[in-house]
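Inspection log for the structure reproduced underneath, given as structure tokens.
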Amino acid sequence: MLALAFVGVNAVALSLAREGSLHWVHFQGPLAWAALTTAAHVALSRRLPLRDPFLLPIMALLSGWGLILVDRLAPGFLARQMVWLAIGTLGLVLVSTTPQVLRYLRRYRYTWLVVGLLLLLATLALGVNPSGAGAALWLRVPLVGQVFFQPSELLKLLLVVFLASYFDERHRVHHLSDAAEEVGQLSYLAPLLLMWGFSMVVLIWQRDLGAAALYFLVFACLVYLATGRALYLLTGLALLLVAGLVGYFAFDVVALRVDTWLDPWPESAGRGFQIVQSLYALAAGGLFGAGVGQGAPTFVPVVHSDFAFAAIGEEWGLAGTLAVVLAFAFLAQRGFQAAFKARRAFGFYLAAGIVLMLTIQAGLIMAGAVKLVPLTGVTLPLVSYGGSSLLVTSLMVGLLIRISSQVEQPI
Amino acid sequence: MSAPGSTRRRRGHQTVKAPNGLGDVRRRLWLFQGVLLAFLGAVTLFVTYWVAWAGPAILERADNPRLVIAELSILRGRLLDANESVLASTTVNEEGNRRYYPLANIGPAVGYYNFRYGSAGVEESFDAVLSGKDRPFWDRYWNQEVLHRPLSGRDVRLTIDSRWQLLADELMGERPGALVLISLADGAIRAMVSHPLYDPNQLEDSFDALAADERAPLLNRVTQGQYQPGLALQPLFLATALEAGLAEADALLANAEAEVQVNGLTLRCAAGMEEGDSAEIGWTDVLARTCPAPTAMIGRSLGEQGVRSSLSDFGLLLQPEIAIASSPVEAPTAIDPEKMALGQGDFLVSPLQVVVAWGALMNGGMPPSLRLVNAVQRDDGSWQRLPDGEQLPSAIDPGVAAQVTGLLPMEGGVLEHAALVAAGPDAAMNAWYLAAAPASNPRYVLAMVIENADGVSFGREAGRLLLKRVLDPQGS
């Protein structure tokens, strides 16, 4: 209800700010969102009464806020975002209510991962960029026209599924055989390293370095989670640092992001323009923001995608940004609770992996917008414009809801 | 919640074992939860830092485009003339608010306001009032930060009368120079013309050309023009000499028409003697024909101290404060009294200074306290009159002033004094015309200088016509 009220009020405010009156065009998105959210809530209430009661509302709040933001910043993309929201909500309901979904994910982990990797590889030959310039990270969906899908987004989920399934299997083996030492050996990790390494190569080839860094972090965290070997985590972080140094000298984009992170002000009109405008946006918002539609966040390049957080800061103020941070913190906490409630290791690792993936991604982009860390080029889940991200995040939340519902899992 | 690694029995349901051996893993997950929350906490701190601590400073940076938006959204107050006719207003459109001047040749008193090129004139000096930036902090915070209303300024009313301003501009034609008309009763500036002129509505397209123009159309010649006074100040030095007892008003002066050499120039009376005229003439003729020799004699008689005192008494060593920019006065360090009395030295004056000095002579010796801005509008619509400027001390004894004004030529009810002045070594001449009307009890005073003039007749005719119209607005 709070999410409905928030989105409704902001739709009214945006319409008044833009048109001077209530205009239907600004209510299409919120009404569709409300209908989808309500339908999902009804479906889940019937099928999964024991689910976590907060996951769907949090997702609804963030996705509804995202719709308002897209309407404000890039109204030409609103219809597309609404379509992806509808598909994502349907996907959420399906994955959370379909019996055996976790079983199918666990059993066919290699299939899923190979599919994801093939789609990612396909971008090397068939990749496009919807904007017409930049890295070709998207595939055009055939027979549908101007609809694009980003395989690296799907690969986030498939990689976590693979890792969760792998650790689940090794956990059961470890438990049954009492081979306690096996978990810590590199041979135990070899298949993981192979599949993960392949993903990294492709991403780096594509110059999608933000996603590569995200995958690396999640992988390192899950390995540590499963093995308890701090050495692996520390080694991973050290490798990430080394990779950063190598990237700084090898890739202009990495050097640009590090330099502008350290001191963007001398280049505020050049290389540092984006982060400087982001900081201006946050500062201009003050405590309560300029009001939806009354600020000037469009000065931030690609604000509807990369810097949605800065736009929230300008138009909803510090209160808005803190609300977003709190929402992701709450989402993480509920996701971890779902992990703790999981009946078997797969659900545990899957929930943990999903939460790590979502929260680290959200944290990275929010931290980048406030110059806490260098910009990484990832989007703010559910809030930023991006159909592929919205769809995959919805599926992730659906899986969390499934795991939180304590549905019996056949062994 | 059950302990990690334990089993749990639920009533009516099959006993299901929780995942065994995940106790350590769960503890590590708790650790990750803490780390992630700490990371998000750091994000929170950084956001708060940029909003609450560093924000005010970075928002003032010149490359912040929001400054432009904020400036363009200001509902700037209007500039009105003495009769509340609009001289400048703000039009609102999608591209931002734009300043509009209904009377394009209203002149430099109003000035201009342009986002890119800045402001001048009253637009500049009263910017805080016109833009609303002088409002109290809490008023601005409530309206701009909370209610998100654009900043709005207040109207300013000038003393300029647009009827006389436009007429004066028309009468000056295309002649370069300056004209200032004041009313003696309150020191109000009724017209302020500076030629060449510019259209403030066309600054976006023409500013660069205007700034590069050698004729300096952006210069306000009334307040910033620096001219050699020549014998335009002749009546003032006569008044000083009369007061000091160094001259007599009814005296006949021998060799009054003698030529005087100064700085390589030969100065002579404006009109020569006709056969049969007396070789001795009085001050009336001297003033009417601007003969230099008697004035040079006065200068010698007064000496450096006397000349300097005369300049000071008549306010010629300071710049009148009228709320817009004016040229600083450089007081002469060493004075050649003869040369200074002839007005052909290094000492330069602005038309605004001259109108004050001339006004003092016409006002019984009391220099007028000039004002250009009359009042500022309050939020409730009422007007707050600005305080009068500092009153200068009396420049000359009223009786002496009356003596001098009695010696000045009069034509059609207008007391006047005109002088053709050498403007520089290239033989260029400027023509001064000083007038006051009505002659019996002057209420209006005018000072005009025409650059590159070939005589004083043009300024004389224009000035007479202007004063005649001012005194009788309904007349033909």
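Numbering starts fresh at 1 for the residues of each chain in the structure tokens, the chains themselves are lettered A, B, ... in the order given, and ligands are numbered from 1 as they appear.
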Q: For chain A, report every residue with an atom at most 8 Å from chain B (counting only C-alpha atoms), formatted as a PyMOL selection string.
A: chain A and resi 175+225-226+228+268-269+277+279-280+282-287+290-291+294+296+299+318+321-322+325+329+332-333+336+340+342-345+352+359-360+363+366-367+370-372
Using only N, CA and C atoms, please write the residues we just selected to a file, as a CSV table (one decimal), in the first residue's frame.
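And here's part-v4.csv as it stands now:
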chain,number,residue,atom,x,y,z
A,175,HIS,N,29.1,-34.1,3.1
A,175,HIS,CA,28.4,-34.5,4.2
A,175,HIS,C,28.3,-36.0,4.3
A,225,LEU,N,32.3,-18.3,1.0
A,225,LEU,CA,31.1,-18.7,1.7
A,225,LEU,C,31.1,-20.2,1.8
A,226,ALA,N,31.4,-20.9,0.7
A,226,ALA,CA,31.3,-22.4,0.6
A,226,ALA,C,32.5,-23.0,1.3
A,228,GLY,N,35.1,-21.5,3.3
A,228,GLY,CA,35.6,-20.9,4.5
A,228,GLY,C,37.0,-20.6,4.4
A,268,SER,N,36.3,18.9,-15.1
A,268,SER,CA,34.8,18.9,-14.9
A,268,SER,C,34.1,19.1,-16.2
A,269,ALA,N,34.7,19.7,-17.2
A,269,ALA,CA,34.0,19.9,-18.5
A,269,ALA,C,34.4,18.8,-19.5
A,277,GLN,N,28.7,16.2,-12.6
A,277,GLN,CA,27.3,16.5,-12.7
A,277,GLN,C,26.5,15.7,-11.8
A,279,LEU,N,27.5,14.7,-8.8
A,279,LEU,CA,27.6,15.3,-7.5
A,279,LEU,C,26.8,16.6,-7.4
A,280,TYR,N,26.8,17.4,-8.5
A,280,TYR,CA,26.0,18.6,-8.5
A,280,TYR,C,24.5,18.2,-8.3
A,282,LEU,N,23.2,15.6,-6.7
A,282,LEU,CA,23.0,15.2,-5.3
A,282,LEU,C,23.0,16.5,-4.4
A,283,ALA,N,23.9,17.3,-4.6
A,283,ALA,CA,24.0,18.5,-3.8
A,283,ALA,C,22.8,19.4,-4.0
A,284,ALA,N,22.4,19.6,-5.3
A,284,ALA,CA,21.3,20.5,-5.6
A,284,ALA,C,20.0,20.0,-5.0
A,285,GLY,N,19.9,18.7,-4.7
A,285,GLY,CA,18.6,18.1,-4.2
A,285,GLY,C,18.4,18.5,-2.7
A,286,GLY,N,19.5,18.7,-2.0
A,286,GLY,CA,19.3,19.1,-0.6
A,286,GLY,C,18.7,18.0,0.2
A,287,LEU,N,17.9,18.3,1.2
A,287,LEU,CA,17.3,17.3,2.1
A,287,LEU,C,16.1,16.7,1.5
A,290,ALA,N,14.3,18.7,-5.2
A,290,ALA,CA,13.7,19.8,-6.0
A,290,ALA,C,12.2,19.4,-6.3
A,291,GLY,N,11.9,18.2,-6.1
A,291,GLY,CA,10.5,17.8,-6.5
A,291,GLY,C,10.6,17.1,-7.9
A,294,GLN,N,11.1,18.8,-11.3
A,294,GLN,CA,11.5,20.2,-11.1
A,294,GLN,C,13.0,20.4,-11.0
A,296,ALA,N,17.1,19.4,-12.4
A,296,ALA,CA,17.7,19.4,-13.7
A,296,ALA,C,18.7,18.2,-13.8
A,299,PHE,N,21.1,17.0,-16.9
A,299,PHE,CA,22.5,17.4,-17.2
A,299,PHE,C,23.5,16.3,-17.0
A,318,LEU,N,18.1,14.0,-0.2
A,318,LEU,CA,18.8,13.1,0.7
A,318,LEU,C,17.8,12.1,1.2
A,321,THR,N,17.4,9.4,-1.5
A,321,THR,CA,18.6,8.5,-1.7
A,321,THR,C,18.7,7.6,-0.5
A,322,LEU,N,18.4,8.1,0.7
A,322,LEU,CA,18.5,7.2,1.9
A,322,LEU,C,17.4,6.1,1.8
A,325,VAL,N,18.7,3.4,-0.5
A,325,VAL,CA,19.7,2.6,0.2
A,325,VAL,C,19.1,1.7,1.2
A,329,ALA,N,19.1,-2.3,1.4
A,329,ALA,CA,19.5,-3.0,2.6
A,329,ALA,C,18.4,-3.9,3.1
A,332,ALA,N,18.3,-6.9,0.9
A,332,ALA,CA,19.4,-7.8,1.2
A,332,ALA,C,19.0,-8.6,2.5
A,333,GLN,N,18.6,-7.9,3.5
A,333,GLN,CA,18.3,-8.6,4.8
A,333,GLN,C,17.2,-9.6,4.6
A,336,PHE,N,18.7,-12.6,2.7
A,336,PHE,CA,19.5,-13.4,3.6
A,336,PHE,C,18.7,-14.2,4.6
A,340,PHE,N,18.7,-18.2,5.1
A,340,PHE,CA,18.8,-18.9,6.4
A,340,PHE,C,17.6,-19.9,6.6
A,342,ALA,N,16.3,-21.6,4.1
A,342,ALA,CA,16.4,-22.6,3.1
A,342,ALA,C,16.5,-24.0,3.6
A,343,ARG,N,15.8,-24.9,3.0
A,343,ARG,CA,15.8,-26.3,3.5
A,343,ARG,C,17.0,-27.1,3.0
A,344,ARG,N,17.6,-26.7,2.0
A,344,ARG,CA,18.8,-27.4,1.6
A,344,ARG,C,19.8,-26.4,1.1
A,345,ALA,N,21.0,-26.9,0.8
A,345,ALA,CA,22.2,-26.1,0.5
A,345,ALA,C,21.9,-25.3,-0.8
A,352,ALA,N,21.8,-16.7,-1.2
A,352,ALA,CA,22.9,-15.9,-0.8
A,352,ALA,C,23.6,-15.3,-2.1
A,359,THR,N,22.9,-6.8,-4.3
A,359,THR,CA,23.4,-5.8,-3.4
A,359,THR,C,24.7,-5.2,-3.8
A,360,ILE,N,25.6,-6.1,-4.2
A,360,ILE,CA,26.9,-5.6,-4.7
A,360,ILE,C,26.7,-4.7,-5.9
A,363,GLY,N,25.1,-1.5,-4.7
A,363,GLY,CA,26.1,-0.8,-3.9
A,363,GLY,C,27.2,-0.1,-4.8
A,366,MET,N,25.7,2.9,-6.7
A,366,MET,CA,25.4,4.0,-5.8
A,366,MET,C,26.7,4.6,-5.3
A,367,ALA,N,27.7,3.8,-5.0
A,367,ALA,CA,29.0,4.2,-4.5
A,367,ALA,C,29.7,5.0,-5.6
A,370,VAL,N,28.5,8.6,-5.9
A,370,VAL,CA,28.9,9.5,-4.9
A,370,VAL,C,30.4,9.5,-4.7
A,371,LYS,N,31.1,9.0,-5.7
A,371,LYS,CA,32.6,9.0,-5.7
A,371,LYS,C,33.2,8.3,-4.6
A,372,LEU,N,32.5,7.3,-4.1
A,372,LEU,CA,33.1,6.4,-3.1
A,372,LEU,C,34.0,5.4,-3.8
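The residues of segment 49-164 of chain A that DSSP assigns to strand (DSSP E) on this backbone come out as Leu139, Arg140, Phe148 and Phe149 of chain A.
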Q: Please identify which residues in segment 30-272 of chain A DSSP calls alpha helix (DSSP H) from the backbone, and express them as a PyMOL selection string.
A: chain A and resi 30-47+55-73+78-97+101-107+109-126+151-177+186-205+209-227+230-250+252-262
Q) Do you have the atom CA of Ala369 of chain A-atom CA of Arg72 of chain A distance handy? A)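 Distance reported for this atom pair: 19.0 Å.
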Q) Near Phe288 of chain A, counting only C-alpha atoms, which residues have an atom at most 6 Å away, once you skip same-chain residues fewer than 2 positions from it, shown as a PyMOL selection string? A) chain A and resi 286+316-317+319
Q: Name the residues in contact with segment 234-251 of chain B at a cut-off of 6 Å, using only C-alpha atoms, excluding same-chain residues fewer than 2 positions from it; report them as a list in words.
A: Leu231, Ala232 and Gly282 of chain B
